[in-house]
file structure-v7.csv (CSV, C-alpha atoms and all ligand atoms)
chain,number,residue,atom,x,y,z
A,302,MET,CA,113.3,88.6,114.9
A,303,ASP,CA,110.0,89.7,116.3
A,304,THR,CA,109.1,87.2,119.0
A,305,LYS,CA,105.5,86.3,118.5
A,306,LYS,CA,103.9,84.2,121.2
A,307,VAL,CA,101.8,81.1,121.2
A,308,LYS,CA,98.9,83.2,122.3
A,309,ASP,CA,98.9,85.1,119.0
A,310,LEU,CA,98.1,81.8,117.1
A,311,ILE,CA,95.8,80.1,119.5
A,312,ILE,CA,92.6,78.4,118.2
A,313,PRO,CA,89.8,77.8,120.7
A,314,LEU,CA,88.9,74.2,121.3
A,315,THR,CA,85.3,74.8,120.2
A,316,ASP,CA,86.4,75.5,116.6
A,317,TYR,CA,87.6,71.9,116.3
A,318,PRO,CA,85.4,68.9,115.6
A,319,HIS,CA,84.7,67.1,118.9
A,320,MET,CA,84.0,63.4,119.6
A,321,PRO,CA,83.7,61.3,122.6
A,322,TYR,CA,86.2,58.4,122.9
A,323,TRP,CA,83.4,55.8,122.3
A,324,GLY,CA,82.5,57.3,118.9
A,325,THR,CA,83.5,55.2,115.9
A,326,LEU,CA,86.1,55.7,113.3
A,327,ARG,CA,83.3,56.0,110.7
A,328,GLU,CA,81.8,58.9,112.7
A,329,ALA,CA,85.2,60.6,113.0
A,330,ILE,CA,85.7,60.4,109.2
A,331,ALA,CA,82.2,61.9,108.7
A,332,GLN,CA,83.1,64.7,111.1
A,333,LEU,CA,86.4,65.5,109.3
A,334,ASN,CA,84.7,65.5,106.0
A,335,VAL,CA,82.2,68.1,107.2
A,336,ALA,CA,85.1,70.2,108.7
A,337,PHE,CA,87.4,69.7,105.7
A,338,GLU,CA,86.9,73.2,104.2
A,339,THR,CA,87.8,74.9,107.6
A,340,GLY,CA,91.3,73.4,107.4
A,341,HIS,CA,90.8,71.4,110.6
A,342,HIS,CA,92.2,67.9,110.1
A,343,THR,CA,92.0,66.7,113.6
A,344,VAL,CA,89.2,65.5,115.9
A,345,LEU,CA,89.5,66.4,119.6
A,346,VAL,CA,88.6,63.4,121.7
A,347,PHE,CA,86.8,63.9,125.1
A,348,ASP,CA,85.9,61.6,128.0
A,349,GLU,CA,82.6,61.2,129.8
A,350,ALA,CA,83.5,64.2,132.0
A,351,TYR,CA,84.1,66.4,128.9
A,352,LYS,CA,87.8,66.4,129.6
A,353,LEU,CA,90.2,66.4,126.6
A,354,MET,CA,91.7,62.9,126.3
A,355,GLY,CA,93.6,62.9,123.1
A,356,MET,CA,93.4,63.8,119.4
A,357,LEU,CA,92.5,61.8,116.4
A,358,LEU,CA,94.8,62.9,113.5
A,359,GLN,CA,94.5,62.0,109.8
A,360,LYS,CA,97.4,59.7,110.1
A,361,ASP,CA,95.7,57.9,113.0
A,362,ILE,CA,92.7,57.3,110.8
A,363,LEU,CA,94.7,56.1,107.8
A,364,LYS,CA,96.6,53.8,110.1
A,365,GLY,CA,93.4,52.6,111.7
A,366,LEU,CA,91.9,51.7,108.3
A,367,GLU,CA,94.8,49.3,107.6
A,368,PRO,CA,94.4,45.7,108.7
A,369,LYS,CA,96.9,44.6,111.3
A,370,PHE,CA,98.9,42.5,108.9
A,371,ALA,CA,99.8,45.5,106.8
A,372,GLN,CA,102.1,46.6,109.6
A,373,HIS,CA,104.4,43.7,108.7
A,374,HIS,CA,105.1,45.2,105.3
A,375,GLU,CA,108.5,46.6,106.6
A,376,GLU,CA,109.5,43.1,107.7
A,377,GLY,CA,109.1,41.8,104.2
A,378,VAL,CA,105.6,40.4,104.4
A,379,PRO,CA,104.0,40.8,100.9
A,380,ILE,CA,100.9,42.9,100.9
A,381,MET,CA,98.2,43.0,98.2
A,382,TRP,CA,97.8,46.8,98.3
A,383,ASN,CA,94.9,46.8,95.9
A,384,GLN,CA,92.9,44.5,98.1
A,385,LEU,CA,93.9,46.2,101.3
A,386,LEU,CA,90.8,48.2,102.1
A,387,LYS,CA,88.6,45.2,101.4
A,388,SER,CA,90.4,43.1,104.0
A,389,GLY,CA,89.2,44.6,107.2
A,390,ALA,CA,88.5,48.3,106.8
A,391,GLU,CA,84.8,47.7,107.2
A,392,LYS,CA,85.3,46.1,110.6
A,393,GLN,CA,87.8,48.9,111.6
A,394,LEU,CA,85.2,51.6,110.8
A,395,GLY,CA,83.0,50.3,113.6
A,396,ARG,CA,85.7,50.4,116.3
A,397,PRO,CA,85.9,53.2,118.9
A,398,ILE,CA,88.3,56.0,118.2
A,399,LYS,CA,89.9,55.5,121.6
A,400,GLU,CA,91.8,52.6,120.0
A,401,PHE,CA,93.3,54.9,117.3
A,402,MET,CA,93.7,58.3,118.9
A,403,SER,CA,97.1,59.9,119.7
A,404,ALA,CA,97.8,60.8,123.3
A,405,VAL,CA,98.7,64.4,124.1
A,406,THR,CA,102.5,64.1,124.4
A,407,ALA,CA,103.3,67.7,125.2
A,408,THR,CA,101.6,71.0,125.9
A,409,LEU,CA,102.6,74.6,125.2
A,410,ASP,CA,102.4,77.6,127.5
A,411,VAL,CA,100.4,80.6,126.3
A,412,ASP,CA,103.5,82.8,126.8
A,413,ASP,CA,105.9,80.5,124.9
A,414,ASN,CA,107.8,82.0,122.1
A,415,ILE,CA,106.7,80.5,118.7
A,416,LEU,CA,110.2,79.2,118.1
A,417,LYS,CA,110.1,77.3,121.3
A,418,ALA,CA,106.7,75.9,120.3
A,419,SER,CA,108.1,74.9,116.9
A,420,HIS,CA,111.0,73.1,118.7
A,421,ILE,CA,108.6,71.1,120.9
A,422,MET,CA,106.4,70.2,117.9
A,423,VAL,CA,109.3,68.9,115.9
A,424,ASP,CA,110.8,67.1,118.9
A,425,LYS,CA,107.4,65.4,119.7
A,426,ASN,CA,106.4,64.9,116.0
A,427,ALA,CA,103.1,66.7,116.8
A,428,TYR,CA,101.1,68.8,114.4
A,429,LEU,CA,98.7,70.2,117.0
A,430,LEU,CA,99.4,70.9,120.6
A,431,PRO,CA,97.2,72.0,123.5
A,432,VAL,CA,98.0,75.4,125.0
A,433,MET,CA,97.9,75.9,128.7
A,434,GLU,CA,97.5,79.1,130.8
A,435,GLY,CA,98.7,77.8,134.2
A,436,ASP,CA,96.9,74.5,134.6
A,437,LYS,CA,94.0,75.7,132.4
A,438,LEU,CA,93.6,74.4,128.9
A,439,ILE,CA,92.7,77.3,126.7
A,440,GLY,CA,93.1,76.1,123.1
A,441,VAL,CA,95.4,74.5,120.5
A,442,VAL,CA,98.1,75.6,118.1
A,443,ARG,CA,98.7,74.1,114.7
A,444,MET,CA,102.1,73.5,113.1
A,445,GLY,CA,100.8,75.1,109.9
A,446,ASP,CA,100.2,78.4,111.6
A,447,LEU,CA,103.7,78.3,113.3
A,448,PHE,CA,105.3,77.5,110.0
A,449,HIS,CA,103.6,80.4,108.3
A,450,GLN,CA,104.8,82.9,111.0
A,451,ILE,CA,108.3,81.6,111.3
A,452,THR,CA,109.1,81.2,107.6
A,453,ASN,CA,107.7,84.7,106.8
A,454,ALA,CA,109.8,86.2,109.6
A,455,VAL,CA,112.9,84.4,108.2
A,456,LEU,CA,112.3,85.6,104.7
A,457,ALA,CA,112.0,89.2,106.0
A,458,LEU,CA,115.4,89.1,107.8
B,1415,MET,CA,91.9,53.6,154.7
B,1416,PRO,CA,90.5,54.2,151.2
B,1417,GLN,CA,87.1,55.9,151.2
B,1418,CYS,CA,84.7,56.7,148.3
B,1419,LYS,CA,84.1,60.5,147.9
B,1420,LYS,CA,80.4,59.8,146.9
B,1421,CYS,CA,79.0,57.0,149.0
B,1422,GLY,CA,81.4,57.2,151.8
B,1423,LYS,CA,82.1,53.4,151.7
B,1424,LYS,CA,85.5,52.5,153.1
B,1425,GLY,CA,87.6,49.5,153.6
B,1426,LEU,CA,91.2,48.3,153.5
B,1427,PHE,CA,90.7,46.5,150.2
B,1428,LEU,CA,88.2,49.0,148.7
B,1429,LYS,CA,89.4,49.9,145.2
B,1430,ILE,CA,89.2,53.6,144.5
B,1431,GLU,CA,89.6,55.1,141.0
B,1432,GLY,CA,92.7,57.3,141.2
B,1433,ASP,CA,91.5,60.2,139.1
B,1434,THR,CA,88.0,60.5,140.6
B,1435,GLY,CA,88.4,59.2,144.2
B,1436,LEU,CA,85.2,57.2,143.7
B,1437,CYS,CA,84.6,53.5,144.4
B,1438,LEU,CA,84.2,51.4,141.2
B,1439,ALA,CA,80.4,51.3,141.5
B,1440,CYS,CA,80.0,55.1,142.0
B,1441,ASN,CA,82.6,55.7,139.3
B,1442,GLU,CA,80.7,53.5,136.9
B,1443,ARG,CA,77.4,55.3,137.6
B,1444,PHE,CA,79.1,58.7,137.1
B,1445,ALA,CA,80.6,57.5,133.8
B,1446,GLN,CA,77.2,56.2,132.5
B,1447,GLU,CA,75.4,59.4,133.3
B,1448,GLY,CA,78.4,61.5,132.1
B,1449,LYS,CA,78.5,59.7,128.8
B,1450,ILE,CA,74.9,60.5,128.0
B,1451,LEU,CA,75.4,64.2,128.7
B,1452,THR,CA,78.8,64.4,127.0
B,1453,GLN,CA,77.4,62.8,123.9
B,1454,LYS,CA,74.5,65.4,123.8
B,1455,ILE,CA,76.9,68.3,124.3
B,1456,ILE,CA,79.2,67.1,121.6
B,1457,GLU,CA,76.5,66.5,119.1
B,1458,ALA,CA,75.0,70.0,119.7
B,1459,LYS,CA,78.5,71.6,119.6
B,1460,ASN,CA,79.3,70.0,116.2
B,1461,GLU,CA,76.0,71.0,114.9
B,1462,ALA,CA,76.4,74.5,116.1
B,1463,THR,CA,79.8,74.8,114.4
B,1464,ALA,CA,78.3,73.8,111.1
B,1465,SER,CA,75.1,75.8,111.5
B,1466,LYS,CA,74.6,78.9,109.4
B,1467,ASP,CA,71.1,79.7,110.6
B,1468,ALA,CA,71.0,82.2,113.5
B,1469,GLU,CA,67.8,80.9,115.1
B,1470,LYS,CA,69.0,77.4,115.0
B,1471,LEU,CA,72.3,78.5,116.5
B,1472,VAL,CA,70.6,80.2,119.4
B,1473,SER,CA,68.7,77.0,120.1
B,1474,LEU,CA,71.8,74.9,119.9
B,1475,CYS,CA,73.7,77.3,122.2
B,1476,LYS,CA,70.9,76.9,124.7
B,1477,SER,CA,71.1,73.1,124.5
B,1478,ILE,CA,74.9,73.2,125.0
B,1479,GLU,CA,74.5,75.5,128.0
B,1480,GLY,CA,71.7,73.3,129.4
B,1481,TYR,CA,73.5,69.9,129.0
B,1482,GLY,CA,76.8,71.6,130.1
B,1483,ASN,CA,75.2,72.8,133.4
B,1484,GLU,CA,73.7,69.3,133.9
B,1485,LEU,CA,77.1,67.8,133.6
B,1486,VAL,CA,78.5,70.4,136.1
B,1487,ALA,CA,75.7,69.5,138.5
B,1488,LEU,CA,76.5,65.8,138.0
B,1489,HIS,CA,80.1,66.5,139.0
B,1490,GLN,CA,78.9,68.3,142.1
B,1491,ALA,CA,76.7,65.4,143.0
B,1492,TYR,CA,79.8,63.2,143.0
B,1493,ASN,CA,82.0,65.7,144.7
B,1494,LEU,CA,84.1,66.1,141.6
B,1495,GLN,CA,85.6,69.2,140.0
B,1496,PRO,CA,84.4,69.9,136.5
B,1497,SER,CA,87.0,70.2,133.8
B,1498,GLN,CA,88.2,73.6,132.6
B,1499,GLU,CA,87.2,72.5,129.1
B,1500,LEU,CA,83.6,72.1,130.3
B,1501,LEU,CA,83.4,75.4,132.0
B,1502,ASP,CA,85.0,77.2,129.0
B,1503,LEU,CA,82.6,75.5,126.6
B,1504,ILE,CA,79.6,76.7,128.7
B,1505,GLY,CA,81.0,80.2,128.8
B,1506,THR,CA,81.7,80.3,125.1
B,1507,TYR,CA,78.3,79.2,124.0
B,1508,LYS,CA,76.6,81.5,126.5
B,1509,LYS,CA,78.5,84.4,125.0
B,1510,MET,CA,77.7,83.2,121.5
B,1511,ARG,CA,74.0,83.0,122.3
B,1512,GLU,CA,74.0,86.5,123.8
B,1513,GLN,CA,75.7,87.9,120.7
B,1514,ALA,CA,73.3,86.1,118.4
B,1515,GLU,CA,70.3,87.3,120.3
B,1516,LYS,CA,71.3,91.0,120.1
C,1,ZN,ZN,81.1,54.9,146.1

call {"tool": "encode", "arguments": {"input": "structure-v7.csv", "output": "structure tokens"}}
result
Amino acid sequence: MDTKKVKDLIIPLTDYPHMPYWGTLREAIAQLNVAFETGHHTVLVFDEAYKLMGMLLQKDILKGLEPKFAQHHEEGVPIMWNQLLKSGAEKQLGRPIKEFMSAVTATLDVDDNILKASHIMVDKNAYLLPVMEGDKLIGVVRMGDLFHQITNAVLAL
Amino acid sequence: MPQCKKCGKKGLFLKIEGDTGLCLACNERFAQEGKILTQKIIEAKNEATASKDAEKLVSLCKSIEGYGNELVALHQAYNLQPSQELLDLIGTYKKMREQAEK
């Protein structure tokens, strides 16, 4: 199949909503609501030197809104799901996103083949990965865009 | 012997931040000033992304360039290397402003 490269699917960092790590969960939600129509569902998190620190994904926010005890559901602790948001979400909304963000677990190289990129995303369970050119961060790639490219290429075989 | 890259303080038991090479006091001062500039950069950047008004966009681009250059200068004052992300951001908004001004 035609071997598209990561560089064909790269999105510049500036397209994504940005936040400093000390911003609150409430502010992050507001950012994502503004950006919702653009299809960007992630906030990039920066430190005080404007260096990328991590990413705040939708799942990080949903997890962040749950009170701690909800995590014991799998151990058989009964949870009042109807009452869940009332029991602590308000407090969580004021907390810094640093506490909820996902660390960058892998990076892609700008010349990586998209199938290699897909392999790394699946392996790392990551929906968005930073793209490097040497040691220079030049943008991000989304799983959705890889999916679109790969599946269309497969159907055309 | 550990030595701070900014104030030159040294001592056997001086604690140096691994990622900046600064003593804790200098590191804290850099972080405080950096936070203020980063906050301003990010607010202007997010506003620029959402902005549909050309004039407003030019003014936001100028703000981003201005705060960005201040943050680069802050790095230099502390003998630190600015991040690629910061340099790219300044470059991107400089280009965007030049396009919009045409
Ligand atoms: Zn010092």

call {"tool": "interface_residues", "arguments": {"input": "structure-v7.csv", "of": "chain B", "to": "chain A", "cutoff": "8 Å", "atoms": "only C-alpha atoms", "output": "mmCIF file with C-alpha atoms, in the coordinates of the input"}}
result
data_model
loop_
_atom_site.group_PDB
_atom_site.id
_atom_site.type_symbol
_atom_site.label_atom_id
_atom_site.label_comp_id
_atom_site.auth_asym_id
_atom_site.auth_seq_id
_atom_site.Cartn_x
_atom_site.Cartn_y
_atom_site.Cartn_z
ATOM 1 C CA ALA B 1445 80.600 57.500 133.800
ATOM 2 C CA GLN B 1446 77.200 56.200 132.500
ATOM 3 C CA GLY B 1448 78.400 61.500 132.100
ATOM 4 C CA LYS B 1449 78.500 59.700 128.800
ATOM 5 C CA ILE B 1450 74.900 60.500 128.000
ATOM 6 C CA LEU B 1451 75.400 64.200 128.700
ATOM 7 C CA THR B 1452 78.800 64.400 127.000
ATOM 8 C CA GLN B 1453 77.400 62.800 123.900
ATOM 9 C CA ILE B 1456 79.200 67.100 121.600
ATOM 10 C CA LYS B 1459 78.500 71.600 119.600
ATOM 11 C CA ASN B 1460 79.300 70.000 116.200
ATOM 12 C CA THR B 1463 79.800 74.800 114.400
ATOM 13 C CA ALA B 1464 78.300 73.800 111.100
ATOM 14 C CA LEU B 1485 77.100 67.800 133.600
ATOM 15 C CA PRO B 1496 84.400 69.900 136.500
ATOM 16 C CA SER B 1497 87.000 70.200 133.800
ATOM 17 C CA GLN B 1498 88.200 73.600 132.600
ATOM 18 C CA GLU B 1499 87.200 72.500 129.100
ATOM 19 C CA LEU B 1500 83.600 72.100 130.300
ATOM 20 C CA LEU B 1503 82.600 75.500 126.600
#

call {"tool": "atom_distance", "arguments": {"input": "structure-v7.csv", "atom1": "atom CA of A:Ile451", "atom2": "atom CA of A:Asp413"}}
result
13.9 Å

call {"tool": "residues_around", "arguments": {"input": "structure-v7.csv", "residues": "B:Lys1429", "least_positions_apart": "4", "cutoff": "9 Å", "atoms": "all atoms listed in the file", "output": "list in words"}}
result
Pro1416, Gln1417, Cys1418, Gly1425, Leu1436, Cys1437 and Leu1438 of chain B

call {"tool": "residues_near_point", "arguments": {"input": "structure-v7.csv", "point": "(87.9, 48.4, 113.9)", "cutoff": "12 Å", "atoms": "all atoms listed in the file", "output": "number ranges by chain"}}
result
A: 324-327, 362-369, 388-401

call {"tool": "residues_near_ligand", "arguments": {"input": "structure-v7.csv", "ligand": "ligand ZN 1 (chain C)", "cutoff": "9 Å", "atoms": "only C-alpha atoms and all ligand atoms", "output": "tab-separated table (two decimals) with C-alpha atoms, in the coordinates of the input"}}
result
chain	number	residue	atom	x	y	z
B	1417	GLN	CA	87.10	55.90	151.20
B	1418	CYS	CA	84.70	56.70	148.30
B	1419	LYS	CA	84.10	60.50	147.90
B	1420	LYS	CA	80.40	59.80	146.90
B	1421	CYS	CA	79.00	57.00	149.00
B	1422	GLY	CA	81.40	57.20	151.80
B	1423	LYS	CA	82.10	53.40	151.70
B	1424	LYS	CA	85.50	52.50	153.10
B	1430	ILE	CA	89.20	53.60	144.50
B	1435	GLY	CA	88.40	59.20	144.20
B	1436	LEU	CA	85.20	57.20	143.70
B	1437	CYS	CA	84.60	53.50	144.40
B	1438	LEU	CA	84.20	51.40	141.20
B	1439	ALA	CA	80.40	51.30	141.50
B	1440	CYS	CA	80.00	55.10	142.00
B	1441	ASN	CA	82.60	55.70	139.30
B	1492	TYR	CA	79.80	63.20	143.00

call {"tool": "residues_around", "arguments": {"input": "structure-v7.csv", "residues": "A:Asp410", "least_positions_apart": "5", "cutoff": "9 Å", "atoms": "only C-alpha atoms", "output": "short mmCIF file (atom, residue, chain, number, x, y, z; two decimals) with C-alpha atoms, keeping the file's coordinate frame"}}
result
data_model
loop_
_atom_site.label_atom_id
_atom_site.label_comp_id
_atom_site.auth_asym_id
_atom_site.auth_seq_id
_atom_site.Cartn_x
_atom_site.Cartn_y
_atom_site.Cartn_z
CA VAL A 307 101.80 81.10 121.20
CA LYS A 308 98.90 83.20 122.30
CA ALA A 418 106.70 75.90 120.30
CA PRO A 431 97.20 72.00 123.50
CA VAL A 432 98.00 75.40 125.00
CA MET A 433 97.90 75.90 128.70
CA GLU A 434 97.50 79.10 130.80
CA GLY A 435 98.70 77.80 134.20
#

call {"tool": "atom_distance", "arguments": {"input": "structure-v7.csv", "atom1": "atom CA of B:Ala1468", "atom2": "atom CA of B:Gly1480"}}
result
18.2 Å

call {"tool": "atom_distance", "arguments": {"input": "structure-v7.csv", "atom1": "atom CA of B:Gln1490", "atom2": "atom CA of B:Met1415"}}
result
23.3 Å

call {"tool": "residues_around", "arguments": {"input": "structure-v7.csv", "residues": "B:Lys1476", "least_positions_apart": "5", "cutoff": "10 Å", "atoms": "all atoms listed in the file", "output": "CSV table (one decimal) with C-alpha atoms, in the frame of the given file"}}
result
chain,number,residue,atom,x,y,z
B,1458,ALA,CA,75.0,70.0,119.7
B,1470,LYS,CA,69.0,77.4,115.0
B,1471,LEU,CA,72.3,78.5,116.5
B,1481,TYR,CA,73.5,69.9,129.0
B,1482,GLY,CA,76.8,71.6,130.1
B,1504,ILE,CA,79.6,76.7,128.7
B,1507,TYR,CA,78.3,79.2,124.0
B,1508,LYS,CA,76.6,81.5,126.5
B,1510,MET,CA,77.7,83.2,121.5
B,1511,ARG,CA,74.0,83.0,122.3

call {"tool": "decode", "arguments": {"input": "structure-v7.csv", "residues": "stretch 1452-1469 of chain B", "atoms": "N, CA, C and O atoms", "output": "PDB file, in the first residue's frame"}}
result
ATOM      1  N   THR B1452       3.821  32.978  30.589  1.00  0.00           N
ATOM      2  CA  THR B1452       3.189  31.827  29.940  1.00  0.00           C
ATOM      3  C   THR B1452       1.668  31.954  29.971  1.00  0.00           C
ATOM      4  O   THR B1452       0.982  31.672  28.983  1.00  0.00           O
ATOM      5  N   GLN B1453       1.160  32.399  31.118  1.00  0.00           N
ATOM      6  CA  GLN B1453      -0.287  32.595  31.248  1.00  0.00           C
ATOM      7  C   GLN B1453      -0.785  33.593  30.195  1.00  0.00           C
ATOM      8  O   GLN B1453      -1.786  33.360  29.514  1.00  0.00           O
ATOM      9  N   LYS B1454      -0.052  34.700  30.037  1.00  0.00           N
ATOM     10  CA  LYS B1454      -0.463  35.729  29.069  1.00  0.00           C
ATOM     11  C   LYS B1454      -0.375  35.196  27.642  1.00  0.00           C
ATOM     12  O   LYS B1454      -1.255  35.456  26.817  1.00  0.00           O
ATOM     13  N   ILE B1455       0.696  34.448  27.344  1.00  0.00           N
ATOM     14  CA  ILE B1455       0.866  33.879  26.001  1.00  0.00           C
ATOM     15  C   ILE B1455      -0.308  32.954  25.684  1.00  0.00           C
ATOM     16  O   ILE B1455      -0.920  33.038  24.616  1.00  0.00           O
ATOM     17  N   ILE B1456      -0.616  32.091  26.635  1.00  0.00           N
ATOM     18  CA  ILE B1456      -1.658  31.087  26.392  1.00  0.00           C
ATOM     19  C   ILE B1456      -3.032  31.735  26.244  1.00  0.00           C
ATOM     20  O   ILE B1456      -3.808  31.372  25.355  1.00  0.00           O
ATOM     21  N   GLU B1457      -3.315  32.722  27.078  1.00  0.00           N
ATOM     22  CA  GLU B1457      -4.608  33.401  26.954  1.00  0.00           C
ATOM     23  C   GLU B1457      -4.744  34.075  25.584  1.00  0.00           C
ATOM     24  O   GLU B1457      -5.774  33.952  24.921  1.00  0.00           O
ATOM     25  N   ALA B1458      -3.673  34.749  25.148  1.00  0.00           N
ATOM     26  CA  ALA B1458      -3.718  35.429  23.846  1.00  0.00           C
ATOM     27  C   ALA B1458      -3.810  34.410  22.712  1.00  0.00           C
ATOM     28  O   ALA B1458      -4.530  34.610  21.736  1.00  0.00           O
ATOM     29  N   LYS B1459      -3.092  33.301  22.860  1.00  0.00           N
ATOM     30  CA  LYS B1459      -3.093  32.249  21.827  1.00  0.00           C
ATOM     31  C   LYS B1459      -4.494  31.639  21.686  1.00  0.00           C
ATOM     32  O   LYS B1459      -4.989  31.475  20.571  1.00  0.00           O
ATOM     33  N   ASN B1460      -5.112  31.314  22.799  1.00  0.00           N
ATOM     34  CA  ASN B1460      -6.450  30.717  22.730  1.00  0.00           C
ATOM     35  C   ASN B1460      -7.460  31.707  22.156  1.00  0.00           C
ATOM     36  O   ASN B1460      -8.352  31.334  21.396  1.00  0.00           O
ATOM     37  N   GLU B1461      -7.281  32.962  22.502  1.00  0.00           N
ATOM     38  CA  GLU B1461      -8.177  33.992  21.979  1.00  0.00           C
ATOM     39  C   GLU B1461      -7.958  34.146  20.466  1.00  0.00           C
ATOM     40  O   GLU B1461      -8.911  34.297  19.705  1.00  0.00           O
ATOM     41  N   ALA B1462      -6.692  34.081  20.056  1.00  0.00           N
ATOM     42  CA  ALA B1462      -6.373  34.205  18.627  1.00  0.00           C
ATOM     43  C   ALA B1462      -6.983  33.055  17.828  1.00  0.00           C
ATOM     44  O   ALA B1462      -7.517  33.255  16.738  1.00  0.00           O
ATOM     45  N   THR B1463      -6.930  31.844  18.373  1.00  0.00           N
ATOM     46  CA  THR B1463      -7.491  30.678  17.676  1.00  0.00           C
ATOM     47  C   THR B1463      -8.993  30.862  17.460  1.00  0.00           C
ATOM     48  O   THR B1463      -9.526  30.471  16.430  1.00  0.00           O
ATOM     49  N   ALA B1464      -9.658  31.467  18.428  1.00  0.00           N
ATOM     50  CA  ALA B1464     -11.113  31.618  18.344  1.00  0.00           C
ATOM     51  C   ALA B1464     -11.519  32.891  17.588  1.00  0.00           C
ATOM     52  O   ALA B1464     -12.670  33.032  17.198  1.00  0.00           O
ATOM     53  N   SER B1465     -10.548  33.786  17.367  1.00  0.00           N
ATOM     54  CA  SER B1465     -10.889  35.097  16.815  1.00  0.00           C
ATOM     55  C   SER B1465     -11.209  35.051  15.316  1.00  0.00           C
ATOM     56  O   SER B1465     -10.518  34.407  14.534  1.00  0.00           O
ATOM     57  N   LYS B1466     -12.265  35.761  14.929  1.00  0.00           N
ATOM     58  CA  LYS B1466     -12.633  35.807  13.513  1.00  0.00           C
ATOM     59  C   LYS B1466     -12.423  37.200  12.932  1.00  0.00           C
ATOM     60  O   LYS B1466     -12.576  37.425  11.750  1.00  0.00           O
ATOM     61  N   ASP B1467     -12.052  38.128  13.808  1.00  0.00           N
ATOM     62  CA  ASP B1467     -11.864  39.507  13.385  1.00  0.00           C
ATOM     63  C   ASP B1467     -10.390  39.765  13.049  1.00  0.00           C
ATOM     64  O   ASP B1467      -9.508  39.531  13.878  1.00  0.00           O
ATOM     65  N   ALA B1468     -10.115  40.227  11.817  1.00  0.00           N
ATOM     66  CA  ALA B1468      -8.733  40.359  11.336  1.00  0.00           C
ATOM     67  C   ALA B1468      -7.921  41.357  12.162  1.00  0.00           C
ATOM     68  O   ALA B1468      -6.758  41.096  12.486  1.00  0.00           O
ATOM     69  N   GLU B1469      -8.551  42.463  12.509  1.00  0.00           N
ATOM     70  CA  GLU B1469      -7.828  43.490  13.259  1.00  0.00           C
ATOM     71  C   GLU B1469      -7.446  42.993  14.654  1.00  0.00           C
ATOM     72  O   GLU B1469      -6.334  43.195  15.132  1.00  0.00           O
TER      73      GLU B1469
END
